>>> print(open('final_6.cif').read())   # mmCIF, C-alpha atoms and all ligand atoms
data_protein
#
loop_
_atom_site.label_atom_id
_atom_site.label_comp_id
_atom_site.auth_asym_id
_atom_site.auth_seq_id
_atom_site.Cartn_x
_atom_site.Cartn_y
_atom_site.Cartn_z
CA MET P 1 -53.04 87.94 -8.70
CA ASN P 2 -54.15 91.33 -7.49
CA SER P 3 -55.15 93.16 -10.64
CA ASP P 4 -55.62 96.70 -9.26
CA LEU P 5 -53.17 98.08 -11.73
CA MET P 6 -54.66 96.21 -14.60
CA ASN P 7 -58.37 96.94 -14.28
CA GLY P 8 -59.57 98.66 -17.38
CA LEU P 9 -56.32 98.11 -19.22
CA GLY P 10 -57.29 94.81 -20.79
CA THR P 11 -59.40 93.90 -23.78
CA ASN P 12 -62.84 95.11 -24.76
CA ASN P 13 -64.68 92.67 -22.51
CA SER P 14 -66.55 95.39 -20.68
CA ILE P 15 -67.93 96.85 -23.92
CA ARG P 16 -69.11 93.46 -25.11
CA THR P 17 -70.72 92.76 -21.74
CA MET P 18 -72.72 95.96 -22.01
CA GLN P 19 -73.94 95.18 -25.51
CA PHE P 20 -74.86 91.59 -24.76
CA PRO P 21 -75.76 91.40 -21.10
CA GLY P 22 -75.65 87.84 -19.86
CA ILE P 23 -73.60 86.41 -22.70
CA VAL P 24 -70.21 86.80 -21.04
CA ARG P 25 -69.93 84.80 -17.83
CA SER P 26 -66.32 85.10 -16.88
CA LYS P 27 -64.62 82.01 -15.55
CA LEU P 28 -61.93 84.32 -14.19
CA PRO P 29 -63.87 87.36 -12.93
CA ASN P 30 -60.97 88.76 -10.92
CA VAL P 31 -58.33 88.43 -13.59
CA GLY P 32 -57.21 91.32 -15.80
CA THR P 33 -54.31 91.48 -18.24
CA THR P 34 -51.05 90.15 -16.77
CA ILE P 35 -48.79 92.68 -15.12
CA PHE P 36 -45.97 91.76 -17.53
CA THR P 37 -48.01 92.84 -20.54
CA VAL P 38 -49.23 95.95 -18.75
CA MET P 39 -45.79 97.13 -17.62
CA SER P 40 -44.02 96.32 -20.90
CA GLY P 41 -46.80 98.24 -22.69
CA LEU P 42 -46.36 101.21 -20.35
CA ALA P 43 -42.58 101.11 -20.86
CA ARG P 44 -43.05 101.19 -24.63
CA GLU P 45 -45.58 103.97 -24.47
CA HIS P 46 -43.32 106.17 -22.35
CA GLY P 47 -39.99 105.15 -23.87
CA ALA P 48 -38.83 103.83 -20.50
CA ILE P 49 -35.98 101.37 -19.94
CA ASN P 50 -37.82 98.10 -19.52
CA LEU P 51 -36.62 96.19 -16.45
CA SER P 52 -40.15 94.92 -15.80
CA GLN P 53 -41.08 91.82 -17.83
CA GLY P 54 -38.36 89.18 -17.55
CA PHE P 55 -36.52 88.74 -20.82
CA PRO P 56 -32.94 89.32 -21.96
CA ASP P 57 -32.14 92.21 -24.28
CA PHE P 58 -29.15 90.32 -25.71
CA SER P 59 -28.94 87.66 -28.41
CA ILE P 60 -29.21 83.92 -28.32
CA PRO P 61 -25.96 81.95 -28.86
CA ASP P 62 -25.08 82.32 -32.59
CA ARG P 63 -24.73 78.60 -33.11
CA LEU P 64 -28.23 77.91 -31.78
CA GLY P 65 -29.69 80.37 -34.30
CA GLU P 66 -27.68 78.74 -37.08
CA LEU P 67 -28.86 75.30 -36.04
CA VAL P 68 -32.54 76.32 -36.17
CA ALA P 69 -32.06 77.83 -39.64
CA GLU P 70 -30.27 74.71 -40.79
CA LYS P 71 -33.01 72.43 -39.45
CA MET P 72 -35.65 74.48 -41.27
CA ARG P 73 -33.66 74.35 -44.50
CA LYS P 74 -33.26 70.62 -44.14
CA GLY P 75 -37.05 70.29 -44.08
CA HIS P 76 -37.82 69.60 -40.42
CA ASN P 77 -40.97 71.64 -40.65
CA GLN P 78 -43.88 69.30 -40.00
CA TYR P 79 -45.48 68.08 -36.78
CA SER P 80 -43.15 66.38 -34.39
CA PRO P 81 -44.34 63.46 -32.27
CA MET P 82 -46.90 64.50 -29.65
CA PRO P 83 -44.62 64.05 -26.57
CA GLY P 84 -41.68 65.76 -28.31
CA LEU P 85 -38.85 64.81 -30.61
CA PRO P 86 -37.26 61.55 -29.34
CA ALA P 87 -33.72 62.95 -29.75
CA LEU P 88 -34.59 65.99 -27.62
CA ARG P 89 -36.29 63.88 -24.95
CA GLU P 90 -33.19 61.69 -24.83
CA ALA P 91 -30.91 64.72 -24.52
CA ILE P 92 -33.08 66.12 -21.69
CA SER P 93 -33.09 62.79 -19.88
CA LEU P 94 -29.30 62.55 -20.15
CA LYS P 95 -28.84 66.09 -18.85
CA VAL P 96 -31.06 65.50 -15.84
CA GLN P 97 -29.25 62.24 -15.10
CA GLU P 98 -25.90 64.03 -15.17
CA LEU P 99 -27.02 67.04 -13.15
CA TYR P 100 -29.36 65.56 -10.58
CA SER P 101 -28.66 61.80 -10.74
CA ALA P 102 -32.31 61.36 -11.62
CA THR P 103 -33.55 58.76 -14.08
CA TYR P 104 -36.41 59.70 -16.40
CA ASP P 105 -37.27 57.38 -19.26
CA PRO P 106 -37.29 59.55 -22.42
CA GLN P 107 -40.08 57.40 -23.81
CA ASP P 108 -42.63 57.78 -21.02
CA GLU P 109 -41.34 60.33 -18.54
CA VAL P 110 -40.21 63.38 -20.54
CA THR P 111 -42.50 65.66 -22.59
CA VAL P 112 -41.57 68.75 -24.59
CA THR P 113 -43.98 71.64 -24.07
CA ALA P 114 -44.74 75.05 -25.54
CA GLY P 115 -42.86 76.79 -22.74
CA ALA P 116 -43.30 76.43 -19.00
CA THR P 117 -46.62 78.29 -18.95
CA GLN P 118 -48.28 75.61 -21.06
CA ALA P 119 -46.58 72.90 -19.01
CA ILE P 120 -47.92 74.35 -15.77
CA PHE P 121 -51.41 74.92 -17.18
CA THR P 122 -51.56 71.41 -18.60
CA ALA P 123 -50.28 69.79 -15.42
CA ILE P 124 -52.89 71.58 -13.32
CA MET P 125 -55.71 70.84 -15.78
CA ALA P 126 -54.73 67.19 -15.96
CA LEU P 127 -54.24 66.57 -12.26
CA VAL P 128 -56.44 68.94 -10.24
CA GLN P 129 -60.14 68.15 -9.96
CA GLU P 130 -63.22 70.04 -8.80
CA GLY P 131 -62.92 70.86 -5.10
CA ASP P 132 -59.24 69.88 -4.79
CA GLU P 133 -57.01 72.17 -2.78
CA VAL P 134 -53.67 73.35 -4.10
CA VAL P 135 -51.07 74.94 -1.83
CA VAL P 136 -49.54 78.04 -3.41
CA PHE P 137 -46.67 79.97 -1.82
CA GLU P 138 -46.92 83.75 -2.03
CA PRO P 139 -45.55 85.88 -3.58
CA ALA P 140 -46.47 83.58 -6.48
CA TYR P 141 -45.80 83.68 -10.19
CA ASP P 142 -48.97 84.75 -11.92
CA CYS P 143 -50.03 81.71 -13.95
CA TYR P 144 -50.65 79.24 -11.12
CA VAL P 145 -53.88 80.48 -9.56
CA PRO P 146 -55.94 81.09 -12.74
CA ALA P 147 -55.14 77.54 -13.87
CA ILE P 148 -56.19 76.13 -10.49
CA GLU P 149 -59.46 78.04 -10.67
CA LEU P 150 -60.17 76.96 -14.25
CA ALA P 151 -59.62 73.36 -13.14
CA GLY P 152 -62.24 73.85 -10.38
CA GLY P 153 -59.65 73.69 -7.63
CA LYS P 154 -59.06 76.03 -4.73
CA ALA P 155 -55.77 77.78 -4.04
CA ILE P 156 -54.69 77.68 -0.41
CA PHE P 157 -52.16 80.44 0.15
CA VAL P 158 -49.10 80.21 2.34
CA GLN P 159 -47.04 83.35 2.77
CA MET P 160 -43.29 83.19 2.22
CA GLU P 161 -40.93 85.58 3.94
CA PRO P 162 -38.90 87.14 1.09
CA THR P 163 -36.29 88.56 3.47
CA GLY P 164 -36.21 85.95 6.24
CA VAL P 165 -36.74 82.20 6.67
CA LEU P 166 -38.43 81.53 3.36
CA ILE P 167 -41.03 78.89 4.24
CA ASP P 168 -42.66 78.11 7.58
CA TRP P 169 -43.13 74.35 7.16
CA GLU P 170 -45.03 74.04 10.45
CA TYR P 171 -47.65 76.33 8.94
CA VAL P 172 -47.70 74.32 5.70
CA LYS P 173 -48.31 71.19 7.78
CA ARG P 174 -51.35 72.82 9.32
CA VAL P 175 -52.98 73.70 5.98
CA ILE P 176 -52.57 70.22 4.48
CA ASN P 177 -55.57 67.91 4.71
CA GLN P 178 -57.34 65.16 2.73
CA ARG P 179 -58.48 67.65 0.11
CA THR P 180 -54.90 68.80 -0.66
CA ARG P 181 -54.12 67.51 -4.13
CA MET P 182 -51.08 69.52 -5.09
CA ILE P 183 -48.34 71.75 -3.72
CA ILE P 184 -46.71 74.17 -6.17
CA ILE P 185 -43.14 75.19 -5.49
CA ASN P 186 -40.86 77.49 -7.47
CA THR P 187 -37.11 77.53 -6.90
CA PRO P 188 -35.20 79.71 -7.74
CA ASN P 189 -38.18 81.88 -7.02
CA ASN P 190 -39.75 84.55 -9.16
CA PRO P 191 -40.23 87.28 -7.91
CA THR P 192 -38.20 87.05 -4.67
CA GLY P 193 -34.91 85.75 -6.10
CA ARG P 194 -34.79 83.32 -3.16
CA ILE P 195 -33.97 79.63 -3.41
CA MET P 196 -35.16 76.57 -1.50
CA SER P 197 -32.49 74.72 0.50
CA ALA P 198 -31.81 71.02 0.91
CA GLN P 199 -33.52 71.27 4.33
CA ASP P 200 -36.61 72.72 2.64
CA MET P 201 -36.73 69.74 0.31
CA VAL P 202 -36.36 67.29 3.18
CA ARG P 203 -39.19 69.00 5.05
CA LEU P 204 -41.36 68.85 1.94
CA GLN P 205 -40.55 65.18 1.54
CA LYS P 206 -41.49 64.40 5.17
CA LEU P 207 -44.68 66.37 4.88
CA THR P 208 -45.93 64.59 1.79
CA GLU P 209 -44.86 61.08 2.81
CA ARG P 210 -47.84 58.73 2.96
CA THR P 211 -50.11 61.25 1.23
CA ASP P 212 -51.29 61.33 -2.37
CA ILE P 213 -50.20 64.94 -2.82
CA ILE P 214 -48.56 65.83 -6.14
CA ILE P 215 -45.75 68.39 -6.24
CA LEU P 216 -45.67 70.73 -9.20
CA SER P 217 -42.13 72.06 -9.21
CA ASP P 218 -41.49 75.13 -11.33
CA GLU P 219 -37.73 75.06 -11.94
CA VAL P 220 -37.45 77.37 -14.94
CA TYR P 221 -34.45 79.16 -13.37
CA GLU P 222 -32.66 75.89 -12.54
CA HIS P 223 -29.39 77.12 -14.07
CA ILE P 224 -29.43 80.62 -12.58
CA LEU P 225 -28.12 80.37 -9.02
CA PHE P 226 -25.45 82.56 -7.46
CA ASP P 227 -22.76 82.57 -4.78
CA GLY P 228 -22.00 78.86 -5.08
CA TYR P 229 -25.53 77.64 -4.27
CA GLU P 230 -26.64 74.39 -5.91
CA HIS P 231 -30.09 74.01 -7.38
CA GLN P 232 -32.27 71.73 -5.27
CA SER P 233 -34.36 70.07 -7.95
CA VAL P 234 -37.12 67.83 -6.60
CA SER P 235 -35.73 65.27 -9.02
CA ARG P 236 -32.65 64.91 -6.76
CA TYR P 237 -34.90 63.44 -4.05
CA PRO P 238 -36.31 60.07 -5.18
CA LYS P 239 -39.15 60.14 -2.64
CA LEU P 240 -40.20 63.58 -3.89
CA ALA P 241 -39.55 62.80 -7.55
CA GLU P 242 -42.03 59.92 -7.46
CA ARG P 243 -44.88 62.37 -6.75
CA SER P 244 -43.57 65.34 -8.77
CA VAL P 245 -44.09 67.04 -12.09
CA VAL P 246 -40.94 69.07 -12.82
CA VAL P 247 -41.17 72.00 -15.22
CA SER P 248 -38.34 73.82 -17.00
CA SER P 249 -38.01 76.28 -19.87
CA PHE P 250 -35.41 76.63 -22.61
CA GLY P 251 -36.40 80.29 -22.86
CA LYS P 252 -34.49 81.17 -19.68
CA THR P 253 -31.51 78.97 -20.43
CA TYR P 254 -30.76 80.09 -23.99
CA HIS P 255 -32.03 83.70 -23.91
CA CYS P 256 -34.95 82.80 -26.21
CA THR P 257 -38.08 83.51 -24.15
CA GLY P 258 -40.00 84.16 -27.37
CA TRP P 259 -39.54 80.63 -28.64
CA LYS P 260 -41.77 79.20 -25.92
CA VAL P 261 -40.24 75.76 -25.62
CA GLY P 262 -39.92 73.95 -22.32
CA HIS P 263 -40.23 70.50 -20.85
CA VAL P 264 -41.81 68.40 -18.16
CA LEU P 265 -40.43 65.42 -16.24
CA ALA P 266 -42.70 63.09 -14.30
CA PRO P 267 -43.03 59.42 -13.38
CA LYS P 268 -44.82 57.38 -16.00
CA GLU P 269 -48.25 57.28 -14.31
CA LEU P 270 -48.37 61.04 -13.83
CA MET P 271 -46.95 61.67 -17.30
CA ARG P 272 -49.65 59.48 -18.85
CA GLU P 273 -52.30 61.82 -17.42
CA PHE P 274 -50.28 64.90 -18.37
CA ARG P 275 -50.08 63.79 -22.00
CA LYS P 276 -53.81 63.09 -22.21
CA THR P 277 -54.38 66.81 -21.71
CA HIS P 278 -51.23 67.99 -23.51
CA GLN P 279 -52.27 66.32 -26.78
CA PHE P 280 -55.45 68.40 -26.94
CA ASN P 281 -53.86 71.52 -25.55
CA VAL P 282 -51.03 71.97 -28.08
CA PHE P 283 -50.49 68.49 -29.54
CA SER P 284 -46.83 69.12 -30.38
CA VAL P 285 -44.20 71.83 -30.29
CA ASN P 286 -42.11 73.74 -32.87
CA THR P 287 -40.21 71.05 -34.80
CA PRO P 288 -37.06 72.83 -36.15
CA VAL P 289 -36.39 74.35 -32.72
CA GLN P 290 -36.65 70.90 -31.12
CA HIS P 291 -34.16 69.49 -33.64
CA ALA P 292 -31.77 72.36 -32.93
CA LEU P 293 -32.11 72.04 -29.14
CA ALA P 294 -31.54 68.29 -29.30
CA GLU P 295 -28.13 68.99 -30.76
CA PHE P 296 -27.33 72.12 -28.78
CA LEU P 297 -28.05 70.54 -25.41
CA SER P 298 -24.81 68.57 -25.64
CA GLU P 299 -22.86 71.86 -25.45
CA ARG P 300 -22.95 71.91 -21.69
CA GLN P 301 -20.99 75.09 -21.17
CA HIS P 302 -24.04 77.19 -22.08
CA TYR P 303 -26.18 76.08 -19.18
CA LEU P 304 -23.33 75.28 -16.80
CA GLY P 305 -21.96 78.81 -17.19
CA LEU P 306 -25.30 80.58 -16.84
CA GLY P 307 -25.12 81.15 -13.08
CA THR P 308 -21.73 82.86 -13.39
CA PHE P 309 -22.94 84.92 -16.34
CA TYR P 310 -26.00 86.22 -14.48
CA GLN P 311 -24.15 86.64 -11.19
CA SER P 312 -21.91 89.18 -12.89
CA LYS P 313 -25.04 90.97 -14.17
CA ARG P 314 -26.53 90.99 -10.66
CA ASP P 315 -23.26 92.21 -9.16
CA LEU P 316 -22.89 94.93 -11.77
CA PHE P 317 -26.46 96.13 -11.19
CA LEU P 318 -25.99 96.18 -7.39
CA LYS P 319 -22.64 97.94 -7.67
CA LEU P 320 -24.13 100.56 -9.97
CA ILE P 321 -26.95 101.36 -7.51
CA LYS P 322 -24.96 101.01 -4.28
CA ASP P 323 -25.22 104.74 -3.54
CA SER P 324 -28.94 104.91 -4.29
CA ARG P 325 -31.59 105.04 -1.57
CA PHE P 326 -32.88 101.53 -2.39
CA LYS P 327 -32.37 98.79 0.22
CA VAL P 328 -31.13 95.51 -1.16
CA ARG P 329 -30.97 91.83 -0.24
CA PRO P 330 -28.99 90.31 -3.10
CA SER P 331 -30.85 87.75 -5.19
CA GLU P 332 -29.79 84.14 -4.72
CA GLY P 333 -31.06 83.08 -8.14
CA THR P 334 -33.26 84.04 -11.18
CA TYR P 335 -32.57 87.20 -13.16
CA PHE P 336 -34.63 89.39 -10.86
CA GLN P 337 -33.67 91.69 -8.03
CA LEU P 338 -36.12 93.11 -5.48
CA LEU P 339 -35.36 96.65 -4.35
CA ASP P 340 -36.96 98.20 -1.28
CA TYR P 341 -37.88 101.84 -1.86
CA SER P 342 -39.23 102.69 1.62
CA ALA P 343 -36.49 105.29 2.16
CA ILE P 344 -37.64 107.15 -0.97
CA THR P 345 -41.43 107.36 -0.76
CA ASP P 346 -44.44 105.95 1.07
CA GLU P 347 -46.47 105.49 -2.11
CA LYS P 348 -48.16 102.16 -2.89
CA ASP P 349 -45.84 99.97 -4.96
CA THR P 350 -48.28 99.91 -7.91
CA ASP P 351 -48.44 103.72 -7.92
CA TYR P 352 -44.68 104.06 -7.58
CA ALA P 353 -43.96 101.54 -10.35
CA ASN P 354 -46.34 103.45 -12.59
CA ARG P 355 -44.79 106.79 -11.78
CA LEU P 356 -41.23 105.50 -12.12
CA THR P 357 -42.05 104.28 -15.59
CA LYS P 358 -43.87 107.40 -16.76
CA GLU P 359 -41.81 110.11 -15.07
CA ALA P 360 -38.35 108.66 -14.42
CA GLY P 361 -38.20 106.28 -17.37
CA VAL P 362 -37.49 102.91 -15.71
CA ALA P 363 -40.11 100.16 -15.69
CA SER P 364 -40.27 97.52 -12.94
CA ILE P 365 -42.87 95.16 -11.46
CA PRO P 366 -44.57 96.00 -8.14
CA LEU P 367 -44.25 93.10 -5.70
CA SER P 368 -47.83 93.30 -4.41
CA VAL P 369 -49.28 91.98 -7.66
CA PHE P 370 -47.85 88.55 -6.82
CA TYR P 371 -50.33 88.31 -3.92
CA HIS P 372 -53.98 87.28 -4.17
CA ARG P 373 -55.19 90.14 -2.03
CA PRO P 374 -53.95 93.69 -1.64
CA THR P 375 -50.79 93.43 0.45
CA PRO P 376 -48.87 96.59 1.33
CA MET P 377 -45.41 96.28 -0.14
CA THR P 378 -42.45 98.59 -0.55
CA GLN P 379 -40.52 96.54 -3.07
CA LEU P 380 -40.20 96.55 -6.82
CA ARG P 381 -38.81 93.74 -9.00
CA PHE P 382 -36.14 94.65 -11.54
CA CYS P 383 -34.93 92.31 -14.31
CA PHE P 384 -31.15 92.45 -14.75
CA ALA P 385 -31.01 90.15 -17.82
CA LYS P 386 -29.84 93.18 -19.79
CA GLU P 387 -26.79 94.50 -21.60
CA ASP P 388 -24.39 96.25 -19.21
CA GLU P 389 -25.11 99.48 -21.00
CA THR P 390 -28.88 99.11 -20.33
CA LEU P 391 -28.17 98.50 -16.64
CA GLU P 392 -25.87 101.53 -16.54
CA ARG P 393 -28.53 103.80 -18.02
CA ALA P 394 -31.16 102.48 -15.61
CA ALA P 395 -28.85 102.84 -12.60
CA GLU P 396 -28.12 106.44 -13.48
CA ILE P 397 -31.84 107.16 -13.11
CA LEU P 398 -32.35 105.01 -10.00
CA ASN P 399 -29.44 106.75 -8.25
CA LYS P 400 -31.15 110.12 -8.60
CA LEU P 401 -34.38 109.02 -6.83
N1 LIG P 501 -42.53 80.10 -14.23
C1 LIG P 501 -41.81 81.16 -13.83
C2 LIG P 501 -41.42 81.25 -12.40
C3 LIG P 501 -41.46 82.14 -14.75
O1 LIG P 501 -40.76 83.20 -14.34
C4 LIG P 501 -41.86 81.99 -16.09
C5 LIG P 501 -41.58 83.04 -17.14
N2 LIG P 501 -40.59 83.72 -17.13
C6 LIG P 501 -42.59 80.88 -16.46
C7 LIG P 501 -42.92 79.95 -15.51
C8 LIG P 501 -43.04 80.69 -17.88
O2 LIG P 501 -42.03 80.29 -18.72
P1 LIG P 501 -42.24 80.22 -20.31
O3 LIG P 501 -41.89 81.55 -20.85
O4 LIG P 501 -41.33 79.15 -20.76
O5 LIG P 501 -43.68 79.89 -20.53
N1 LIG P 502 -41.82 85.24 -16.53
C1 LIG P 502 -41.63 86.57 -16.98
C2 LIG P 502 -41.54 87.50 -15.78
O1 LIG P 502 -41.68 87.09 -14.67
C3 LIG P 502 -42.73 87.07 -17.88
C4 LIG P 502 -43.39 86.09 -18.76
C5 LIG P 502 -44.64 86.70 -19.31
O2 LIG P 502 -44.63 87.82 -19.75
N2 LIG P 502 -45.70 85.99 -19.23
O3 LIG P 502 -41.33 88.66 -15.98
#
>>> encode(input="final_6.cif", output="structure tokens")
Amino acid sequence: MNSDLMNGLGTNNSIRTMQFPGIVRSKLPNVGTTIFTVMSGLAREHGAINLSQGFPDFSIPDRLGELVAEKMRKGHNQYSPMPGLPALREAISLKVQELYSATYDPQDEVTVTAGATQAIFTAIMALVQEGDEVVVFEPAYDCYVPAIELAGGKAIFVQMEPTGVLIDWEYVKRVINQRTRMIIINTPNNPTGRIMSAQDMVRLQKLTERTDIIILSDEVYEHILFDGYEHQSVSRYPKLAERSVVVSSFGKTYHCTGWKVGHVLAPKELMREFRKTHQFNVFSVNTPVQHALAEFLSERQHYLGLGTFYQSKRDLFLKLIKDSRFKVRPSEGTYFQLLDYSAITDEKDTDYANRLTKEAGVASIPLSVFYHRPTPMTQLRFCFAKEDETLERAAEILNKL
């Protein structure tokens, strides 16, 4: 991630380095504090409406909160089994079977994680070795590349086209070689709001056939697709599923990003390796929440209705800003919308995002930070997982720009 905006805004590392030269040898010399922390901090400091970091400003379903409280009261407060509570793993397995016709054995092929970030980190640590190459599509969510580097691997970047044909598979074919260990995909995609199609999945399948490439599929927005699109989980494609680690997050599905609970699906052999690292990374995950989720997962309407719920948020946001000078390609999924500001200013996106937060009072995320090297961009990412009233207040400001 390009950390222009973040340099100097992080911890006290530089002070310590000066006092003890030679003691700090950074394993991630080019990494600062994540943009989400930086922009949310800036929003707080300036009292801006925070459409930057992705999280809802509305509550979790009441019953889910009640269930967690009840599970705590009933004494489910000690370690759960290392791979996750059996009842939750069974509920996840059932859900995936129903949605994607994919069979994952709850015993050996489903693991509950401390959110998707830990799942992704653990998968990369467990499966990528020194010198391995990992294909990363850009713009890319920020946690992939640092994990690859910490594992001793090398990220090989392939540019996506946020406003056109998303992935040039002929180009991907050219970058794949014997050193390629993993390909990371993310659909629906953060930050572009684009989704991968069935044709994309078929191309990916063809490309990886007869290779030992692992797919790490980040599907945290699996229930947030719009306009009738269906989520193309790798788990729908048996030939892909057999080489894939699939990651999801309850945080996105139940409006509880702060709980940090997610899960991983993978064939037994891959999952065995995943768990070897997972057990020393977190061991196990919040027990009362797992008990509550195990029960709540059977109430299908919550995740089945999520696409419709967020589509009306997206549509409201776009309607509210339709007379603004931003150019829009409506999001196909996620709870993010990219807005092109080239008709307003020719400032760098990092500068404009900063200024918008400080002077206008709306915080967003500049698109260029999702690229490994400075890439001129004229788009900002706005999170519309907000109360209608929050979106109305933000739109009022955006319309005046
Ligand atoms: N992947 C993507 C694409 C995300 O947007 C996020 C966070 N919103 C994550 C992974 C991490 O999810 P979690 O909060 O469950 O760690
Ligand atoms: N995934 C969220 C986003 O894209 C942020 C999560 C985080 O702050 N690490 O905004």
>>> closest_residue(input="final_6.cif", among="P:Thr390, P:Gln78, P:Ser248, P:Arg329", to="Gly164 of chain P", atoms="all atoms listed in the file")
P:Arg329
>>> residues_around(input="final_6.cif", residues="Tyr100 of chain P", least_positions_apart="5", cutoff="12 Å", atoms="only C-alpha atoms", output="mmCIF file with C-alpha atoms, in the coordinates of the input")
data_model
loop_
_atom_site.group_PDB
_atom_site.id
_atom_site.type_symbol
_atom_site.label_atom_id
_atom_site.label_comp_id
_atom_site.auth_asym_id
_atom_site.auth_seq_id
_atom_site.Cartn_x
_atom_site.Cartn_y
_atom_site.Cartn_z
ATOM 1 C CA ILE P 92 -33.080 66.120 -21.690
ATOM 2 C CA SER P 93 -33.090 62.790 -19.880
ATOM 3 C CA LEU P 94 -29.300 62.550 -20.150
ATOM 4 C CA LYS P 95 -28.840 66.090 -18.850
ATOM 5 C CA GLU P 222 -32.660 75.890 -12.540
ATOM 6 C CA GLU P 230 -26.640 74.390 -5.910
ATOM 7 C CA HIS P 231 -30.090 74.010 -7.380
ATOM 8 C CA GLN P 232 -32.270 71.730 -5.270
ATOM 9 C CA SER P 233 -34.360 70.070 -7.950
ATOM 10 C CA VAL P 234 -37.120 67.830 -6.600
ATOM 11 C CA SER P 235 -35.730 65.270 -9.020
ATOM 12 C CA ARG P 236 -32.650 64.910 -6.760
ATOM 13 C CA TYR P 237 -34.900 63.440 -4.050
ATOM 14 C CA PRO P 238 -36.310 60.070 -5.180
ATOM 15 C CA ALA P 241 -39.550 62.800 -7.550
#
>>> residues_near_ligand(input="final_6.cif", ligand="ligand LIG 502 (chain P)", cutoff="10 Å", atoms="only C-alpha atoms and all ligand atoms", output="VMD selection string")
chain P and resid 34 to 40 51 to 55 116 to 117 141 to 143 189 to 191 220 251 to 252 257 to 258 334 to 336 364 to 365 381 to 383
>>> atom_distance(input="final_6.cif", atom1="atom CA of Arg275 of chain P", atom2="atom CA of Ile214 of chain P")
16.1 Å
>>> atom_distance(input="final_6.cif", atom1="atom CA of Met377 of chain P", atom2="atom CA of Leu216 of chain P")
27.1 Å
>>> residues_near_point(input="final_6.cif", point="(-39.7, 75.4, -35.1)", cutoff="8 Å", atoms="all atoms listed in the file", output="ChimeraX atom specification")
/P:68,72,77,285-290
